[in-house]
$ cat query12.txt   # compact mmCIF, N, CA, C and O atoms
# COMPACT_ATOMS: atom_id res chain seq x y z
N MET A 1 -22.41 12.04 2.36
CA MET A 1 -21.67 12.06 1.12
C MET A 1 -20.34 11.33 1.32
O MET A 1 -19.66 11.51 2.30
N SER A 2 -19.99 10.50 0.37
CA SER A 2 -18.75 9.74 0.43
C SER A 2 -17.61 10.54 -0.20
O SER A 2 -17.79 11.20 -1.22
N HIS A 3 -16.44 10.47 0.41
CA HIS A 3 -15.26 11.15 -0.11
C HIS A 3 -14.17 10.11 -0.36
O HIS A 3 -13.96 9.22 0.45
N THR A 4 -13.51 10.27 -1.46
CA THR A 4 -12.43 9.36 -1.81
C THR A 4 -11.16 10.16 -2.02
O THR A 4 -11.14 11.13 -2.78
N LEU A 5 -10.10 9.75 -1.36
CA LEU A 5 -8.79 10.35 -1.55
C LEU A 5 -8.02 9.44 -2.51
O LEU A 5 -7.94 8.23 -2.30
N ILE A 6 -7.49 10.02 -3.56
CA ILE A 6 -6.71 9.25 -4.53
C ILE A 6 -5.25 9.58 -4.32
O ILE A 6 -4.82 10.72 -4.49
N VAL A 7 -4.50 8.58 -3.90
CA VAL A 7 -3.08 8.73 -3.61
C VAL A 7 -2.30 8.07 -4.74
O VAL A 7 -2.55 6.92 -5.08
N HIS A 8 -1.39 8.82 -5.31
CA HIS A 8 -0.55 8.28 -6.38
C HIS A 8 0.75 9.06 -6.42
O HIS A 8 0.91 10.05 -5.71
N SER A 9 1.67 8.59 -7.23
CA SER A 9 2.96 9.27 -7.34
C SER A 9 3.50 9.16 -8.75
O SER A 9 3.56 8.06 -9.31
N PRO A 10 3.94 10.27 -9.31
CA PRO A 10 4.62 10.22 -10.61
C PRO A 10 5.90 9.37 -10.57
O PRO A 10 6.39 8.95 -11.62
N LEU A 11 6.39 9.08 -9.38
CA LEU A 11 7.55 8.19 -9.28
C LEU A 11 7.22 6.79 -9.81
O LEU A 11 8.12 6.02 -10.13
N SER A 12 5.92 6.48 -9.90
CA SER A 12 5.51 5.19 -10.48
C SER A 12 5.98 5.06 -11.92
O SER A 12 6.16 3.95 -12.42
N LEU A 13 6.18 6.18 -12.59
CA LEU A 13 6.65 6.16 -13.97
C LEU A 13 8.05 5.56 -14.10
O LEU A 13 8.45 5.12 -15.17
N ALA A 14 8.79 5.54 -13.01
CA ALA A 14 10.16 5.00 -13.03
C ALA A 14 10.19 3.48 -12.90
O ALA A 14 11.23 2.86 -13.10
N HIS A 15 9.05 2.87 -12.56
CA HIS A 15 8.97 1.41 -12.42
C HIS A 15 8.66 0.83 -13.80
O HIS A 15 7.51 0.75 -14.22
N LYS A 16 9.70 0.49 -14.51
CA LYS A 16 9.56 -0.03 -15.87
C LYS A 16 9.70 -1.55 -15.83
O LYS A 16 10.63 -2.08 -15.23
N THR A 17 8.76 -2.21 -16.49
CA THR A 17 8.72 -3.67 -16.41
C THR A 17 8.74 -4.36 -17.76
O THR A 17 8.53 -5.56 -17.84
N GLY A 18 8.97 -3.61 -18.81
CA GLY A 18 8.98 -4.20 -20.14
C GLY A 18 7.65 -4.03 -20.85
O GLY A 18 6.63 -3.72 -20.23
N PRO A 19 7.64 -4.24 -22.16
CA PRO A 19 6.46 -3.92 -22.98
C PRO A 19 5.24 -4.82 -22.77
O PRO A 19 4.13 -4.42 -23.07
N ARG A 20 5.42 -6.00 -22.22
CA ARG A 20 4.28 -6.93 -22.09
C ARG A 20 3.74 -7.04 -20.67
O ARG A 20 2.78 -7.74 -20.44
N HIS A 21 4.36 -6.37 -19.73
CA HIS A 21 3.94 -6.48 -18.34
C HIS A 21 2.83 -5.47 -18.05
O HIS A 21 2.85 -4.35 -18.54
N ILE A 22 1.85 -5.87 -17.24
CA ILE A 22 0.71 -5.01 -16.95
C ILE A 22 1.08 -3.77 -16.16
O ILE A 22 0.48 -2.72 -16.31
N GLU A 23 2.09 -3.87 -15.30
CA GLU A 23 2.55 -2.69 -14.56
C GLU A 23 3.48 -1.91 -15.48
O GLU A 23 4.57 -2.37 -15.80
N SER A 24 3.03 -0.75 -15.91
CA SER A 24 3.85 0.02 -16.84
C SER A 24 3.59 1.50 -16.65
O SER A 24 2.53 1.91 -16.18
N PRO A 25 4.56 2.33 -17.04
CA PRO A 25 4.34 3.77 -16.99
C PRO A 25 3.12 4.19 -17.82
O PRO A 25 2.37 5.08 -17.42
N ALA A 26 2.91 3.54 -18.96
CA ALA A 26 1.77 3.90 -19.81
C ALA A 26 0.44 3.62 -19.10
O ALA A 26 -0.51 4.41 -19.20
N ARG A 27 0.36 2.52 -18.38
CA ARG A 27 -0.87 2.20 -17.64
C ARG A 27 -1.13 3.24 -16.55
O ARG A 27 -2.25 3.71 -16.38
N TYR A 28 -0.09 3.59 -15.81
CA TYR A 28 -0.23 4.61 -14.77
C TYR A 28 -0.74 5.92 -15.38
O TYR A 28 -1.71 6.50 -14.90
N SER A 29 -0.10 6.38 -16.43
CA SER A 29 -0.49 7.64 -17.07
C SER A 29 -1.91 7.59 -17.61
O SER A 29 -2.68 8.55 -17.47
N THR A 30 -2.28 6.47 -18.23
CA THR A 30 -3.63 6.31 -18.77
C THR A 30 -4.68 6.39 -17.67
O THR A 30 -5.71 7.06 -17.82
N ILE A 31 -4.43 5.75 -16.56
CA ILE A 31 -5.38 5.76 -15.44
C ILE A 31 -5.52 7.16 -14.86
O ILE A 31 -6.64 7.66 -14.65
N ILE A 32 -4.40 7.82 -14.60
CA ILE A 32 -4.44 9.16 -14.02
C ILE A 32 -5.13 10.12 -14.98
O ILE A 32 -5.99 10.93 -14.58
N ASP A 33 -4.81 10.04 -16.27
CA ASP A 33 -5.44 10.91 -17.27
C ASP A 33 -6.95 10.67 -17.34
O ASP A 33 -7.74 11.62 -17.43
N ALA A 34 -7.36 9.40 -17.30
CA ALA A 34 -8.79 9.07 -17.37
C ALA A 34 -9.53 9.58 -16.14
O ALA A 34 -10.65 10.11 -16.25
N LEU A 35 -8.92 9.44 -14.96
CA LEU A 35 -9.55 9.94 -13.73
C LEU A 35 -9.69 11.46 -13.77
O LEU A 35 -10.71 12.00 -13.35
N ARG A 36 -8.67 12.14 -14.29
CA ARG A 36 -8.76 13.60 -14.41
C ARG A 36 -9.82 14.00 -15.42
O ARG A 36 -10.61 14.91 -15.17
N HIS A 37 -9.84 13.34 -16.57
CA HIS A 37 -10.80 13.66 -17.62
C HIS A 37 -12.24 13.46 -17.13
O HIS A 37 -13.13 14.26 -17.44
N ALA A 38 -12.47 12.43 -16.34
CA ALA A 38 -13.80 12.14 -15.80
C ALA A 38 -14.12 12.99 -14.57
O ALA A 38 -15.18 12.87 -13.99
N LYS A 39 -13.17 13.83 -14.19
CA LYS A 39 -13.31 14.69 -13.02
C LYS A 39 -13.50 13.90 -11.72
O LYS A 39 -14.11 14.37 -10.76
N VAL A 40 -12.98 12.68 -11.73
CA VAL A 40 -12.97 11.86 -10.52
C VAL A 40 -11.75 12.25 -9.68
O VAL A 40 -11.81 12.28 -8.46
N LEU A 41 -10.67 12.58 -10.35
CA LEU A 41 -9.45 13.05 -9.69
C LEU A 41 -9.38 14.56 -9.82
O LEU A 41 -9.35 15.10 -10.94
N THR A 42 -9.43 15.24 -8.70
CA THR A 42 -9.40 16.70 -8.69
C THR A 42 -8.36 17.17 -7.68
O THR A 42 -7.83 16.38 -6.90
N THR A 43 -8.11 18.45 -7.65
CA THR A 43 -7.17 18.99 -6.67
C THR A 43 -7.67 18.80 -5.25
O THR A 43 -6.88 18.82 -4.31
N LYS A 44 -8.96 18.59 -5.08
CA LYS A 44 -9.52 18.42 -3.74
C LYS A 44 -9.36 17.01 -3.19
O LYS A 44 -9.48 16.80 -1.98
N ASN A 45 -9.17 16.02 -4.06
CA ASN A 45 -9.07 14.64 -3.57
C ASN A 45 -7.81 13.93 -4.03
O ASN A 45 -7.72 12.71 -3.99
N GLU A 46 -6.82 14.69 -4.45
CA GLU A 46 -5.57 14.11 -4.93
C GLU A 46 -4.46 14.33 -3.91
O GLU A 46 -4.29 15.43 -3.38
N TRP A 47 -3.71 13.29 -3.65
CA TRP A 47 -2.54 13.38 -2.77
C TRP A 47 -1.37 12.75 -3.51
O TRP A 47 -1.40 11.57 -3.84
N ILE A 48 -0.37 13.55 -3.80
CA ILE A 48 0.83 13.05 -4.45
C ILE A 48 1.74 12.47 -3.36
O ILE A 48 2.23 13.20 -2.49
N ALA A 49 1.93 11.19 -3.41
CA ALA A 49 2.74 10.50 -2.40
C ALA A 49 4.21 10.78 -2.61
O ALA A 49 4.69 10.91 -3.75
N THR A 50 4.92 10.88 -1.53
CA THR A 50 6.37 10.99 -1.57
C THR A 50 6.93 9.67 -1.03
O THR A 50 6.23 8.93 -0.33
N PRO A 51 8.18 9.37 -1.33
CA PRO A 51 8.72 8.10 -0.85
C PRO A 51 8.64 7.98 0.68
O PRO A 51 8.94 8.92 1.40
N ALA A 52 8.21 6.82 1.11
CA ALA A 52 8.11 6.53 2.54
C ALA A 52 9.50 6.31 3.12
O ALA A 52 10.45 6.00 2.41
N ASP A 53 9.59 6.43 4.40
CA ASP A 53 10.81 6.08 5.10
C ASP A 53 11.07 4.59 4.88
O ASP A 53 10.13 3.79 4.80
N GLU A 54 12.31 4.22 4.80
CA GLU A 54 12.66 2.84 4.48
C GLU A 54 12.27 1.84 5.55
O GLU A 54 12.37 0.63 5.33
N GLN A 55 11.76 2.29 6.68
CA GLN A 55 11.30 1.35 7.72
C GLN A 55 9.96 0.72 7.36
O GLN A 55 9.65 -0.38 7.80
N TRP A 56 9.14 1.42 6.55
CA TRP A 56 7.78 0.95 6.28
C TRP A 56 7.70 -0.37 5.52
O TRP A 56 6.85 -1.21 5.85
N PRO A 57 8.54 -0.61 4.52
CA PRO A 57 8.46 -1.94 3.87
C PRO A 57 8.73 -3.09 4.82
O PRO A 57 8.30 -4.21 4.59
N LEU A 58 9.43 -2.78 5.92
CA LEU A 58 9.76 -3.84 6.89
C LEU A 58 8.53 -4.34 7.64
O LEU A 58 8.58 -5.38 8.30
N LEU A 59 7.42 -3.65 7.53
CA LEU A 59 6.18 -4.13 8.12
C LEU A 59 5.63 -5.33 7.35
O LEU A 59 4.85 -6.12 7.89
N CYS A 60 6.05 -5.45 6.08
CA CYS A 60 5.54 -6.54 5.22
C CYS A 60 6.62 -7.49 4.74
O CYS A 60 6.31 -8.60 4.31
N HIS A 61 7.87 -7.04 4.75
CA HIS A 61 8.95 -7.82 4.16
C HIS A 61 10.14 -7.92 5.12
O HIS A 61 10.37 -7.03 5.92
N GLU A 62 10.88 -8.99 4.99
CA GLU A 62 12.10 -9.16 5.77
C GLU A 62 13.16 -8.15 5.29
O GLU A 62 13.19 -7.79 4.11
N LEU A 63 14.03 -7.74 6.19
CA LEU A 63 15.08 -6.77 5.88
C LEU A 63 15.94 -7.25 4.71
O LEU A 63 16.28 -6.47 3.82
N GLU A 64 16.26 -8.52 4.67
CA GLU A 64 17.11 -9.06 3.61
C GLU A 64 16.45 -8.88 2.24
O GLU A 64 17.12 -8.57 1.26
N TYR A 65 15.14 -9.09 2.17
CA TYR A 65 14.43 -8.94 0.91
C TYR A 65 14.43 -7.47 0.48
O TYR A 65 14.69 -7.15 -0.69
N VAL A 66 14.14 -6.57 1.40
CA VAL A 66 14.11 -5.14 1.08
C VAL A 66 15.47 -4.69 0.57
O VAL A 66 15.58 -3.97 -0.43
N LYS A 67 16.53 -5.11 1.24
CA LYS A 67 17.89 -4.76 0.81
C LYS A 67 18.20 -5.33 -0.56
O LYS A 67 18.82 -4.68 -1.40
N LYS A 68 17.77 -6.56 -0.80
CA LYS A 68 17.99 -7.21 -2.10
C LYS A 68 17.31 -6.40 -3.21
O LYS A 68 17.92 -6.11 -4.24
N VAL A 69 16.06 -6.00 -3.00
CA VAL A 69 15.34 -5.21 -4.00
C VAL A 69 16.07 -3.89 -4.25
O VAL A 69 16.31 -3.50 -5.39
N GLN A 70 16.43 -3.20 -3.18
CA GLN A 70 17.12 -1.92 -3.31
C GLN A 70 18.43 -2.08 -4.09
O GLN A 70 18.69 -1.35 -5.04
N GLU A 71 19.25 -3.02 -3.68
CA GLU A 71 20.56 -3.21 -4.32
C GLU A 71 20.43 -3.60 -5.79
O GLU A 71 21.14 -3.08 -6.65
N GLU A 72 19.51 -4.53 -6.08
CA GLU A 72 19.37 -4.99 -7.46
C GLU A 72 18.79 -3.90 -8.36
O GLU A 72 19.20 -3.78 -9.51
N CYS A 73 17.87 -3.11 -7.85
CA CYS A 73 17.32 -2.02 -8.66
C CYS A 73 18.37 -0.96 -8.95
O CYS A 73 18.55 -0.53 -10.09
N LEU A 74 19.08 -0.54 -7.92
CA LEU A 74 20.06 0.52 -8.08
C LEU A 74 21.26 0.10 -8.92
O LEU A 74 21.93 0.94 -9.51
N ALA A 75 21.51 -1.20 -9.03
CA ALA A 75 22.62 -1.70 -9.84
C ALA A 75 22.30 -1.71 -11.34
O ALA A 75 23.20 -1.82 -12.17
N LEU A 76 21.03 -1.56 -11.68
CA LEU A 76 20.62 -1.61 -13.09
C LEU A 76 20.87 -0.28 -13.79
O LEU A 76 20.79 0.78 -13.18
N GLY A 77 21.11 -0.36 -15.08
CA GLY A 77 21.18 0.83 -15.90
C GLY A 77 19.78 1.39 -16.11
O GLY A 77 18.78 0.70 -15.87
N GLU A 78 19.70 2.61 -16.57
CA GLU A 78 18.41 3.30 -16.74
C GLU A 78 17.43 2.55 -17.64
O GLU A 78 16.22 2.63 -17.43
N SER A 79 17.90 1.84 -18.63
CA SER A 79 16.99 1.18 -19.57
C SER A 79 16.85 -0.33 -19.34
O SER A 79 16.12 -1.00 -20.06
N GLU A 80 17.52 -0.85 -18.33
CA GLU A 80 17.46 -2.30 -18.08
C GLU A 80 16.19 -2.70 -17.33
O GLU A 80 15.74 -2.00 -16.43
N VAL A 81 15.63 -3.83 -17.72
CA VAL A 81 14.51 -4.46 -17.03
C VAL A 81 14.86 -5.93 -16.87
O VAL A 81 15.18 -6.60 -17.85
N VAL A 82 14.83 -6.41 -15.63
CA VAL A 82 15.18 -7.80 -15.34
C VAL A 82 14.23 -8.34 -14.29
O VAL A 82 13.48 -7.59 -13.66
N LYS A 83 14.28 -9.63 -14.08
CA LYS A 83 13.56 -10.23 -12.95
C LYS A 83 14.44 -10.08 -11.72
O LYS A 83 15.66 -10.26 -11.79
N LEU A 84 13.83 -9.75 -10.60
CA LEU A 84 14.52 -9.76 -9.33
C LEU A 84 15.10 -11.16 -9.15
O LEU A 84 14.50 -12.14 -9.61
N SER A 85 16.23 -11.29 -8.50
CA SER A 85 16.89 -12.59 -8.38
C SER A 85 16.02 -13.64 -7.70
O SER A 85 16.25 -14.83 -7.85
N THR A 86 15.00 -13.22 -6.97
CA THR A 86 14.07 -14.17 -6.36
C THR A 86 13.08 -14.71 -7.39
O THR A 86 12.33 -15.64 -7.10
N GLY A 87 13.04 -14.07 -8.58
CA GLY A 87 12.20 -14.54 -9.67
C GLY A 87 10.75 -14.14 -9.59
O GLY A 87 9.94 -14.56 -10.40
N ASP A 88 10.37 -13.29 -8.62
CA ASP A 88 8.95 -13.01 -8.42
C ASP A 88 8.45 -11.69 -8.99
O ASP A 88 7.25 -11.46 -8.99
N VAL A 89 9.35 -10.84 -9.51
CA VAL A 89 8.88 -9.55 -9.97
C VAL A 89 9.88 -8.95 -10.97
O VAL A 89 11.07 -9.17 -10.87
N GLU A 90 9.34 -8.21 -11.94
CA GLU A 90 10.18 -7.48 -12.88
C GLU A 90 10.61 -6.18 -12.22
O GLU A 90 9.79 -5.52 -11.57
N ILE A 91 11.87 -5.80 -12.39
CA ILE A 91 12.37 -4.57 -11.79
C ILE A 91 13.18 -3.77 -12.80
O ILE A 91 13.67 -4.30 -13.79
N SER A 92 13.31 -2.48 -12.48
CA SER A 92 14.16 -1.58 -13.24
C SER A 92 14.86 -0.68 -12.24
O SER A 92 14.64 -0.77 -11.03
N HIS A 93 15.70 0.21 -12.76
CA HIS A 93 16.47 1.09 -11.88
C HIS A 93 15.56 1.88 -10.91
O HIS A 93 15.90 2.06 -9.75
N GLY A 94 14.40 2.34 -11.37
CA GLY A 94 13.52 3.16 -10.55
C GLY A 94 12.48 2.41 -9.74
O GLY A 94 11.69 3.02 -9.03
N SER A 95 12.49 1.10 -9.78
CA SER A 95 11.45 0.31 -9.11
C SER A 95 11.46 0.46 -7.59
O SER A 95 10.39 0.52 -6.97
N TYR A 96 12.62 0.52 -6.99
CA TYR A 96 12.68 0.62 -5.53
C TYR A 96 12.09 1.95 -5.06
O TYR A 96 11.26 1.98 -4.14
N THR A 97 12.49 3.04 -5.71
CA THR A 97 11.94 4.37 -5.33
C THR A 97 10.44 4.41 -5.58
O THR A 97 9.70 4.95 -4.76
N ALA A 98 9.99 3.84 -6.69
CA ALA A 98 8.56 3.80 -6.97
C ALA A 98 7.81 3.00 -5.91
O ALA A 98 6.72 3.39 -5.48
N ALA A 99 8.40 1.91 -5.46
CA ALA A 99 7.76 1.08 -4.44
C ALA A 99 7.63 1.85 -3.12
O ALA A 99 6.62 1.73 -2.43
N LEU A 100 8.63 2.63 -2.79
CA LEU A 100 8.54 3.42 -1.54
C LEU A 100 7.45 4.49 -1.64
O LEU A 100 6.86 4.85 -0.64
N ALA A 101 7.22 4.97 -2.84
CA ALA A 101 6.17 5.99 -3.01
C ALA A 101 4.79 5.37 -2.99
O ALA A 101 3.81 6.01 -2.72
$ encode --input "query12.txt" --output "C-alpha cells"
Amino acid sequence: MSHTLIVHSPLSLAHKTGPRHIESPARYSTIIDALRHAKVLTTKNEWIATPADEQWPLLCHELEYVKKVQEECLALGESEVVKLSTGDVEISHGSYTAALA
C-alpha cells in the first residue's frame, strides 16, 4: 500500500502576489479544502510545516539573494505586493516567512 504525506503550511496564506498571479492565498485554500473534502488529506497524512531554519535556503540560493528577499519582504507594508528587485518574483510582507515554511 502506498502512503503519501502532505506537507503544507497556513503561512502560505501570507504570500500575497496580487489578483492575477497563480500563487495566491485563494489557490492554497482551495487546494487544501478540496483535498480534505475528497478525504485525500486526513489527520493521518497531514504535516503542518513550520518555518525552516534560515540556513536551509542557502542550499539553493546565495546568501546575498536570501538576504535581499528577506529585507525586501519585511520592508513592505501588509497590503503591498511588488516585484523583488531582481524582477523574478512577486513578493509581499509575508513571502519570506511563507518561503521558509
$ select_by_dssp --input "query12.txt" --residues "region 15-85 of chain A" --states "helix (DSSP H, G or I)" --output "VMD selection string"
chain A and resid 25 to 37 56 to 59 63 to 74
$ residues_around --input "query12.txt" --residues "Ile6 (chain A)" --least-positions-apart "3" --cutoff "5 Å" --atoms "all atoms listed in the file" --output "list in words"
Asn45, Glu46 and Trp47 of chain A
$ residues_around --input "query12.txt" --residues "Ala99 (chain A)" --least-positions-apart "4" --cutoff "8 Å" --atoms "only N, CA, C and O atoms" --output "list of chain:residue names"
A:Leu11, A:Ser12, A:Ala14, A:His15, A:Thr50, A:Pro51, A:Ala52, A:Pro57, A:Gly94, A:Ser95
$ residues_around --input "query12.txt" --residues "Gly77 (chain A)" --least-positions-apart "5" --cutoff "12 Å" --atoms "only C-alpha atoms" --output "list in words"
Lys16, Glu72, Val82, Ile91, Ser92, His93, Gly94 and Ser95 of chain A
$ select_by_dssp --input "query12.txt" --residues "chain A" --states "strand (DSSP E or B)" --output "PyMOL selection string"
chain A and resi 6-8+46-48+81-83+90-92
$ atom_distance --input "query12.txt" --atom1 "atom O of Pro19 (chain A)" --atom2 "atom O of Leu84 (chain A)"
18.7 Å
$ atom_distance --input "query12.txt" --atom1 "CA of Ser85 (chain A)" --atom2 "CA of Glu62 (chain A)"
15.3 Å
$ axis_aligned_box --input "query12.txt" --around "region 26-36 of chain A" --padding-each-side "4 Å" --output "AutoDock Vina command-line options"
--center_x -3.9 --center_y 8.6 --center_z -16.6 --size_x 21.6 --size_y 20.7 --size_z 14.5
$ atom_distance --input "query12.txt" --atom1 "atom C of Arg36 (chain A)" --atom2 "atom O of Arg20 (chain A)"
25.6 Å
